[in-house]
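*Asks:* Sharing a structure here in structure tokens format.
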Amino acid sequence: MTTTGDLGPALVAAAEALDRAARDREPGGGSPGRITLTPVGEPLGGSRRSTVVRAAVAAGSARERDTGLPEQVVVKVFDPATGGEGWVREAAALDVLGRGAGPGGPASRGGAPVGPAPLLLAAVAEPPLVVLSDLGAGSSLADSLLGNRGDEAARHLVRWATALGDLHRRSADLRSGFEAALSRFGGAAAPAVDSSVEMLDRAAALLAEQLPALGIVPPAGAVDALRAPPTVTDACALTPADACPDNNLEAGGATTLLDFEGATFRHVAWDAAYLTVPWPSCWCSWRLEEQAGVRALRAWREAVLPAFPVVGTPAFEADLWAVRARWAFVSTAWFLERALAGDEAPAAGAPVRMPGRRALLLHRLGSVADLDDREAGTAPALLALARQLVERLTALWGPVPLELAPAFRRTVHHGPA
């Protein structure tokens, strides 16, 4: 893991960007070089693609301390070698969410972002980083799901679903703004507005390479069906695209979505399916207790319905099933090679924080294999392929059930419907 000592140049660049933003807000421009950032504690997290650190903001003389900045900020630094499109997508998404707050302009000029997202205070291209508002201490949905209080996990799930629906509803008209921001930050190499097209194409290519090793010949049209857009309704919005249980923070009575490095503008069914797959791109992808999932999906629909009335129709329900099936194949393409090599066992005595890949793949493919043709939309070839995979993988591994999230392994008491 990167340490705070390795981030010196990045924090200097972040401080300079904050200094420029502060001077831009002042008549006459102010004096340069007055803001410094000092790391607070160890990195907050991140991944192989990025490191996230909290930093204290300090200014120069007393006269210069009125910068309009908070006492602490969060700096997310992207690894140029592994970060890919992450910096461009996160900077563009948070910038357009801030600009959507009203005539005051970007969030760095005051106001609040559109939806439950952090405020973007500054973005730097070299080294690639973003400076965000510090949300303080709190807990994530993953903390609740991995705990031992099923009732609280169910309530937390509803709050998360409401926040996600709030983001979808508020960002429904931001496609052109997000596209412009991608171009502004990415230049000639700006990524696609909707990354789901490339994701499906890549998954289809990977499966075409992997299936022969299992002795599976995919049914005619299955690979092409996976590449085809699965939705027929018109309900697209801005999304972080990796809305996992750990990519959020509940603090001060609000749930904020984090990690927009995969941000994209796509059909909202891709995110709603995180409650039904569940959690297709996430490490803590345990099953949800059935009624908890139903209630959370209902809360998401209620939040997004004013922008997308179609989410209450049978046509959207068909889209949700179709996307759920695509997620099963996409995650199979991602994880099959490692699952065939064997599931990693946790260290002796360590808690099991994530399910094995074999269990999650059999669960996801099994849910597709159990569908009838009407539920799968116009892709019966995908149903046939799912059944082939379930049969072959079960023969190799035996039945490997996917357990409930730890919090739901005791009885959950639901309130009135």
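Residues in the structure tokens are numbered from 1 in each chain, the chains being A, B, ... in the order shown, and ligands are numbered from 1 in the order shown.
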Just the residues within 9 Å of region 44-57 of chain A, please, counting only C-alpha atoms, with nothing from its chain fewer than 3 positions along; format it as a PyMOL selection string.
*Replies:* chain A and resi 1-4+7+11+15+35-41+69-84+86+129+134+259
*Asks:* Could you write those residues out with C-alpha atoms, as a PDB file, in the first residue's frame?
*Replies:*
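Generated file (selection-v7.pdb):
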```pdb
ATOM      1  CA  MET A   1       0.000   0.000   0.000  1.00  0.00           C
ATOM      2  CA  THR A   2       1.162   3.506  -0.762  1.00  0.00           C
ATOM      3  CA  THR A   3       2.063   5.436   2.402  1.00  0.00           C
ATOM      4  CA  THR A   4       1.437   9.091   3.099  1.00  0.00           C
ATOM      5  CA  LEU A   7       2.306  11.257  -1.649  1.00  0.00           C
ATOM      6  CA  LEU A  11      -0.201  16.791  -2.057  1.00  0.00           C
ATOM      7  CA  ALA A  15      -2.484  22.349  -2.621  1.00  0.00           C
ATOM      8  CA  ILE A  35      -2.195  26.860   0.996  1.00  0.00           C
ATOM      9  CA  THR A  36      -0.500  23.684   2.184  1.00  0.00           C
ATOM     10  CA  LEU A  37      -1.837  20.171   2.748  1.00  0.00           C
ATOM     11  CA  THR A  38      -0.600  17.863   5.494  1.00  0.00           C
ATOM     12  CA  PRO A  39      -1.619  14.190   5.541  1.00  0.00           C
ATOM     13  CA  VAL A  40      -3.726  13.061   8.480  1.00  0.00           C
ATOM     14  CA  GLY A  41      -3.221   9.462   9.540  1.00  0.00           C
ATOM     15  CA  LEU A  69     -11.979  25.895   2.145  1.00  0.00           C
ATOM     16  CA  PRO A  70     -12.769  23.345   4.856  1.00  0.00           C
ATOM     17  CA  GLU A  71     -10.243  22.446   7.536  1.00  0.00           C
ATOM     18  CA  GLN A  72      -9.718  19.009   5.992  1.00  0.00           C
ATOM     19  CA  VAL A  73     -10.083  17.546   2.505  1.00  0.00           C
ATOM     20  CA  VAL A  74      -9.706  14.124   0.923  1.00  0.00           C
ATOM     21  CA  VAL A  75      -7.178  13.644  -1.866  1.00  0.00           C
ATOM     22  CA  LYS A  76      -7.520  10.698  -4.241  1.00  0.00           C
ATOM     23  CA  VAL A  77      -4.375  10.028  -6.260  1.00  0.00           C
ATOM     24  CA  PHE A  78      -4.543   7.753  -9.304  1.00  0.00           C
ATOM     25  CA  ASP A  79      -1.723   5.469 -10.373  1.00  0.00           C
ATOM     26  CA  PRO A  80      -0.887   6.460 -13.983  1.00  0.00           C
ATOM     27  CA  ALA A  81       0.166   2.870 -14.731  1.00  0.00           C
ATOM     28  CA  THR A  82      -3.020   1.163 -13.544  1.00  0.00           C
ATOM     29  CA  GLY A  83      -5.632   3.903 -13.187  1.00  0.00           C
ATOM     30  CA  GLY A  84      -6.819   3.705 -16.776  1.00  0.00           C
ATOM     31  CA  GLY A  86     -10.405   6.413 -13.694  1.00  0.00           C
ATOM     32  CA  LEU A 129      -5.754  13.390  -8.654  1.00  0.00           C
ATOM     33  CA  ASP A 134     -14.128  15.360   3.650  1.00  0.00           C
ATOM     34  CA  ASP A 259     -15.694   6.035  -6.031  1.00  0.00           C
TER      35      ASP A 259
END
```
*Asks:* Could you pull out the residues in region 71-292 of chain A that DSSP calls helix (DSSP H, G or I) from the backbone, as an MDAnalysis selection string?
*Replies:* chainID A and resid 86:99 107:109 141:145 150:170 175:189 196:214 222:227 269:275 290:292
*Asks:* Ranking A:Leu389, A:Ala384, A:Val223, A:Ala237 by minimum distance to Leu362 (chain A) and counting only C-alpha atoms, which one comes first?
*Replies:*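 The closest residue to Leu362 (chain A) is A:Leu389.
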*Asks:* Choose the residue, out of A:Leu211, A:Val352, A:Ala93, A:Ala369, that has the smallest atom-to-atom separation from Leu238 (chain A); count only C-alpha atoms.
*Replies:* A:Ala93
*Asks:* Just give me the gap between CA of Ala161 (chain A) and CA of Thr276 (chain A) in Å, one decimal is fine.
*Replies:* 12.1 Å
*Asks:* If you run DSSP on the backbone here, which positions in region 10-189 of chain A get strand (DSSP E)? Please write them as a ChimeraX atom specification.
*Replies:* /A:36-47,50-58,72-78,120-124,129-133
*Asks:* Which one of A:Arg301, A:His363, A:Arg357, A:Arg169 sits closest to Ala328 (chain A) if you count only C-alpha atoms?
*Replies:* A:His363
*Asks:* Please list as a list in words every residue within 8 Å of region 287-289 of chain A, counting only C-alpha atoms and excluding residues in the same chain fewer than 4 positions away.
*Replies:*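 The residues satisfying every condition are Leu275, Pro278, Gly293, Leu402, Glu403, Leu404, Ala405 and Phe408 of chain A.
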*Asks:* With distances taken over only C-alpha atoms, which of A:Gly177, A:Glu126, A:Ala117, A:Ser139 is nearest to Arg99 (chain A)?
*Replies:* A:Gly177
*Asks:* Of the candidates A:Val197, A:Ala122, A:Leu174, A:Val96, which one gets nearest to Ala21 (chain A) if we count only C-alpha atoms?
*Replies:*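 Checking each candidate against Ala21 (chain A), we get A:Ala122 as the closest.
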